[in-house]
>>> print(open('start.cif').read())   # mmCIF, C-alpha atoms
data_final
#
loop_
_atom_site.label_atom_id
_atom_site.label_comp_id
_atom_site.auth_asym_id
_atom_site.auth_seq_id
_atom_site.Cartn_x
_atom_site.Cartn_y
_atom_site.Cartn_z
CA MET A 1 122.20 78.60 149.46
CA THR A 2 120.74 78.00 146.00
CA VAL A 3 116.99 78.50 145.65
CA ARG A 4 115.37 75.87 143.44
CA VAL A 5 112.68 77.47 141.27
CA LEU A 6 109.87 76.01 139.18
CA LEU A 7 108.52 78.40 136.52
CA VAL A 8 104.84 78.02 135.65
CA ASP A 9 103.29 80.22 132.94
CA ASP A 10 101.42 79.46 129.74
CA GLN A 11 103.31 82.26 127.99
CA PRO A 12 106.72 80.98 126.81
CA LEU A 13 108.04 84.54 126.56
CA VAL A 14 107.44 85.14 130.27
CA ARG A 15 109.29 81.97 131.16
CA ALA A 16 112.09 82.81 128.73
CA GLY A 17 112.59 86.26 130.25
CA LEU A 18 112.91 84.85 133.75
CA ARG A 19 115.09 82.00 132.53
CA VAL A 20 117.58 84.34 130.87
CA LEU A 21 117.75 86.59 133.91
CA MET A 22 118.20 83.70 136.35
CA ALA A 23 121.03 82.32 134.23
CA ASP A 24 123.12 85.26 135.44
CA THR A 25 122.44 84.63 139.12
CA SER A 26 124.39 82.32 141.39
CA ASP A 27 121.65 81.74 143.96
CA LEU A 28 118.65 80.86 141.77
CA GLU A 29 118.35 77.62 139.82
CA ILE A 30 115.46 76.69 137.52
CA VAL A 31 114.58 73.03 138.09
CA GLY A 32 111.63 72.89 135.70
CA GLU A 33 109.12 74.76 133.58
CA ALA A 34 105.41 74.15 133.08
CA GLY A 35 102.71 75.71 130.91
CA THR A 36 99.65 74.38 132.76
CA GLY A 37 98.55 73.93 136.34
CA ALA A 38 98.46 70.14 136.01
CA GLU A 39 102.02 70.13 134.72
CA ALA A 40 103.03 72.33 137.63
CA VAL A 41 101.61 69.93 140.21
CA ARG A 42 103.38 66.99 138.56
CA LEU A 43 106.73 68.76 138.24
CA ALA A 44 106.57 70.12 141.78
CA GLY A 45 106.32 66.54 143.01
CA GLU A 46 109.20 65.40 140.80
CA THR A 47 111.64 68.27 141.25
CA ALA A 48 110.96 69.42 144.84
CA PRO A 49 111.42 73.16 144.22
CA ASP A 50 111.81 75.68 147.02
CA VAL A 51 109.69 78.28 145.21
CA VAL A 52 107.10 77.99 142.46
CA VAL A 53 106.50 81.08 140.32
CA MET A 54 102.89 80.49 139.34
CA ASP A 55 100.72 82.13 136.69
CA VAL A 56 97.03 82.48 137.58
CA ARG A 57 95.24 81.98 134.27
CA MET A 58 96.29 78.79 132.51
CA PRO A 59 94.61 76.03 130.51
CA ASP A 60 93.86 72.64 132.06
CA MET A 61 94.08 73.84 135.69
CA ASP A 62 94.42 77.40 136.95
CA GLY A 63 97.16 78.56 139.28
CA ILE A 64 94.91 78.73 142.32
CA GLU A 65 93.93 75.08 142.15
CA ALA A 66 97.53 74.11 141.40
CA THR A 67 98.66 76.07 144.46
CA ARG A 68 96.20 74.16 146.64
CA ARG A 69 97.63 70.86 145.40
CA ILE A 70 101.31 71.68 145.77
CA SER A 71 102.93 70.96 149.11
CA GLY A 72 106.46 71.45 150.32
CA ALA A 73 107.10 74.54 148.19
CA ARG A 74 106.29 78.20 148.57
CA VAL A 75 104.25 79.74 145.76
CA VAL A 76 104.58 83.21 144.25
CA MET A 77 101.62 84.16 142.07
CA LEU A 78 102.35 86.11 138.87
CA THR A 79 99.43 87.85 137.21
CA THR A 80 98.15 91.06 135.62
CA PHE A 81 95.95 93.83 136.99
CA ASP A 82 92.88 92.52 135.20
CA ASP A 83 93.18 89.34 137.26
CA ASP A 84 92.24 91.16 140.47
CA GLU A 85 89.35 88.84 141.25
CA TYR A 86 91.78 85.95 141.63
CA VAL A 87 94.02 87.49 144.26
CA TYR A 88 92.05 86.70 147.40
CA GLY A 89 91.54 83.12 146.25
CA ALA A 90 95.25 82.78 145.55
CA LEU A 91 96.19 83.98 149.02
CA ARG A 92 93.65 81.70 150.68
CA ALA A 93 94.95 78.80 148.61
CA GLY A 94 98.32 79.22 150.31
CA ALA A 95 100.29 81.54 148.06
CA SER A 96 103.13 83.32 149.85
CA GLY A 97 103.43 86.16 147.38
CA PHE A 98 101.51 88.07 144.78
CA LEU A 99 103.32 89.90 141.96
CA VAL A 100 102.20 91.65 138.82
CA LYS A 101 103.76 90.90 135.44
CA ASP A 102 104.58 94.52 134.70
CA MET A 103 107.10 94.57 137.54
CA ALA A 104 110.74 94.67 136.51
CA LEU A 105 112.24 91.21 136.17
CA GLU A 106 114.86 92.11 138.78
CA GLU A 107 112.07 92.91 141.24
CA ILE A 108 110.50 89.53 140.58
CA LEU A 109 113.83 87.81 141.28
CA GLY A 110 114.12 89.77 144.51
CA ALA A 111 110.62 88.65 145.51
CA ILE A 112 111.57 85.02 144.88
CA ARG A 113 114.47 85.41 147.28
CA VAL A 114 112.25 87.05 149.91
CA VAL A 115 109.69 84.24 149.75
CA ALA A 116 112.42 81.58 149.82
CA ARG A 117 113.65 83.05 153.11
CA GLY A 118 110.23 82.39 154.63
CA ASP A 119 108.62 85.81 154.27
CA GLY A 120 105.42 86.67 152.45
CA LEU A 121 105.37 89.38 149.85
CA ILE A 122 102.73 91.25 147.89
CA ALA A 123 103.72 93.74 145.21
CA PRO A 124 104.00 97.14 146.96
CA SER A 125 102.01 98.82 144.19
CA VAL A 126 98.92 96.74 144.91
CA THR A 127 99.15 95.64 148.56
CA ARG A 128 96.62 97.89 150.27
CA ARG A 129 94.23 98.19 147.33
CA LEU A 130 94.00 94.47 146.64
CA ILE A 131 93.76 93.21 150.21
CA ALA A 132 91.16 95.84 151.09
CA GLU A 133 89.15 95.06 147.97
CA PHE A 134 89.02 91.33 148.57
CA ALA A 135 88.39 91.63 152.27
CA ALA A 136 85.36 93.77 151.41
CA ARG A 137 83.85 91.22 149.05
CA PRO A 138 80.82 89.40 150.43
CA GLU A 139 81.46 86.15 148.55
CA PRO A 140 84.13 84.62 150.82
CA ALA A 141 82.29 85.45 154.05
CA PRO A 142 80.27 82.20 154.36
CA ALA A 143 83.42 80.16 153.92
CA ARG A 144 85.48 82.12 156.42
CA ARG A 145 86.93 80.06 159.21
CA ALA A 146 88.40 82.62 161.56
CA ARG A 147 91.38 81.25 163.43
CA PRO A 148 91.33 81.59 167.20
CA VAL A 149 93.63 84.29 168.53
CA GLU A 150 93.74 83.22 172.18
CA GLY A 151 97.07 83.87 173.85
CA VAL A 152 97.82 86.93 171.73
CA THR A 153 98.84 89.90 173.86
CA GLY A 154 97.48 93.40 173.45
CA ARG A 155 100.69 94.57 171.83
CA GLU A 156 100.75 91.59 169.48
CA ARG A 157 97.18 92.36 168.49
CA GLU A 158 98.25 95.91 167.66
CA VAL A 159 101.07 94.57 165.50
CA LEU A 160 98.71 92.12 163.78
CA THR A 161 96.33 94.98 163.01
CA LEU A 162 99.11 97.04 161.43
CA VAL A 163 100.38 94.04 159.45
CA GLY A 164 96.82 93.68 158.18
CA ARG A 165 96.89 97.28 157.02
CA GLY A 166 99.91 96.44 154.87
CA LEU A 167 102.50 98.33 156.92
CA THR A 168 106.16 97.33 156.75
CA ASN A 169 108.16 96.51 159.88
CA ARG A 170 109.70 99.99 159.79
CA GLU A 171 106.27 101.64 159.49
CA ILE A 172 104.93 99.53 162.36
CA ALA A 173 107.92 100.47 164.49
CA ASP A 174 107.33 104.16 163.81
CA GLU A 175 103.60 103.83 164.52
CA LEU A 176 104.11 102.07 167.87
CA VAL A 177 107.35 103.87 168.78
CA ILE A 178 109.31 100.64 169.18
CA SER A 179 112.36 99.23 167.42
CA VAL A 180 112.25 97.26 164.18
CA ALA A 181 113.83 94.32 166.03
CA THR A 182 110.95 94.36 168.52
CA VAL A 183 108.44 94.38 165.66
CA LYS A 184 110.16 91.37 164.10
CA ALA A 185 109.99 89.55 167.43
CA HIS A 186 106.25 90.26 167.73
CA VAL A 187 105.66 89.07 164.17
CA ALA A 188 107.61 85.87 164.85
CA ARG A 189 105.49 85.17 167.94
CA LEU A 190 102.30 85.85 166.00
CA LEU A 191 103.34 83.39 163.31
CA ALA A 192 103.91 80.72 165.96
CA LYS A 193 100.78 81.43 168.02
CA LEU A 194 98.44 81.62 165.01
CA ASP A 195 100.08 78.75 163.14
CA ALA A 196 100.56 81.06 160.17
CA ARG A 197 103.09 80.21 157.51
CA ASP A 198 104.10 83.78 156.71
CA ARG A 199 103.19 87.46 156.81
CA VAL A 200 100.63 87.09 154.03
CA GLN A 201 98.62 84.68 156.16
CA LEU A 202 98.79 87.15 159.04
CA VAL A 203 97.17 89.73 156.78
CA ILE A 204 94.32 87.34 156.00
CA ILE A 205 93.86 86.51 159.69
CA ALA A 206 93.71 90.20 160.56
CA TYR A 207 90.84 90.68 158.12
CA GLU A 208 89.06 87.49 159.15
CA GLN A 209 89.18 88.63 162.77
CA GLY A 210 87.79 92.04 161.88
CA LEU A 211 90.91 93.79 163.16
CA VAL A 212 91.16 95.78 159.94
CA ALA A 213 88.28 97.37 158.09
CA PRO A 214 88.44 97.58 154.28
CA GLU A 215 89.63 100.96 153.09
CA GLY A 216 87.54 103.23 150.89
#
>>> encode(input="start.cif", output="structure tokens")
Amino acid sequence: MTVRVLLVDDQPLVRAGLRVLMADTSDLEIVGEAGTGAEAVRLAGETAPDVVVMDVRMPDMDGIEATRRISGARVVMLTTFDDDEYVYGALRAGASGFLVKDMALEEILGAIRVVARGDGLIAPSVTRRLIAEFAARPEPAPARRARPVEGVTGREREVLTLVGRGLTNREIADELVISVATVKAHVARLLAKLDARDRVQLVIIAYEQGLVAPEG
């Protein structure tokens, strides 16, 4: 299966680096490039990509607003550490991944593949710090619309809590003394019961429900 990718970044060098690297892959195809959020929304409608690699800070329309307006594609946000204040907004806007630009290009390509398969991904180097930081911020609280979690079993609630803490399936399995396959089954049921698109949304739900307290 070939993953159709739309590159969105106002820095041509960033796009060029990803373009060159993807040219050597057989499973990733660039279907368009954009330098602004408005361009991204237009091209997403025209090219129907599977994954949009989206910069946060751009002229005309930022990546968060563009993410809200794009449907039918999964969005991976690309940003830098000094963009921390945008992360929570990006996740709430529907982004399925959050990566930092100082990651190796090969790691970014791997993340694109992960998101294309239907999983959510946040750069390992920033997962716990960023989610905890933004969950602790008072600003989003008035706008929170906690999703109901009726029908979730006690074990599923435990899994949701550990997902919210940023644990991998292997770490959850070790914590609960169950198999990785069982963890995956619980996560799949949580996605269905909570109408969540991916693991990233489960993290947000865990914080909205108060299942995980911000660290630090």
>>> resolve_selection(input="start.cif", expression="the PyMOL selection byres ((chain A and resi 44-58) around 6)", output="VMD selection string")
chain A and resid 4 to 10 36 40 to 43 59 62 to 63 73 to 79
>>> residues_around(input="start.cif", residues="A:Leu211", least_positions_apart="6", cutoff="12 Å", atoms="only C-alpha atoms", output="list in words")
Ala135, Ala146, Val149, Glu156, Arg157, Glu158, Val159, Leu160, Thr161, Leu162, Val163, Gly164, Arg165, Leu202, Val203, Ile204 and Ile205 of chain A
>>> closest_residue(input="start.cif", among="A:Leu91, A:Arg155, A:Pro12, A:Arg197", to="A:Thr182", atoms="all atoms listed in the file")
A:Arg155
>>> residues_around(input="start.cif", residues="stretch 183-190 of chain A", least_positions_apart="2", cutoff="7 Å", atoms="all atoms listed in the file", output="count of residues only")
9
>>> resolve_selection(input="start.cif", expression="the PyMOL selection byres ((chain A and resi 68-70) around 6)", output="PDB file with C-alpha atoms, keeping the file's coordinate frame")
ATOM      1  CA  VAL A  41     101.610  69.930 140.210  1.00  0.00           C
ATOM      2  CA  GLU A  65      93.930  75.080 142.150  1.00  0.00           C
ATOM      3  CA  ALA A  66      97.530  74.110 141.400  1.00  0.00           C
ATOM      4  CA  THR A  67      98.660  76.070 144.460  1.00  0.00           C
ATOM      5  CA  SER A  71     102.930  70.960 149.110  1.00  0.00           C
ATOM      6  CA  ALA A  93      94.950  78.800 148.610  1.00  0.00           C
TER       7      ALA A  93
END
>>> atom_distance(input="start.cif", atom1="atom CA of A:Glu107", atom2="atom CA of A:Gly37")
23.8 Å
>>> atom_distance(input="start.cif", atom1="atom CA of A:Asp27", atom2="atom CA of A:Phe98")
21.1 Å
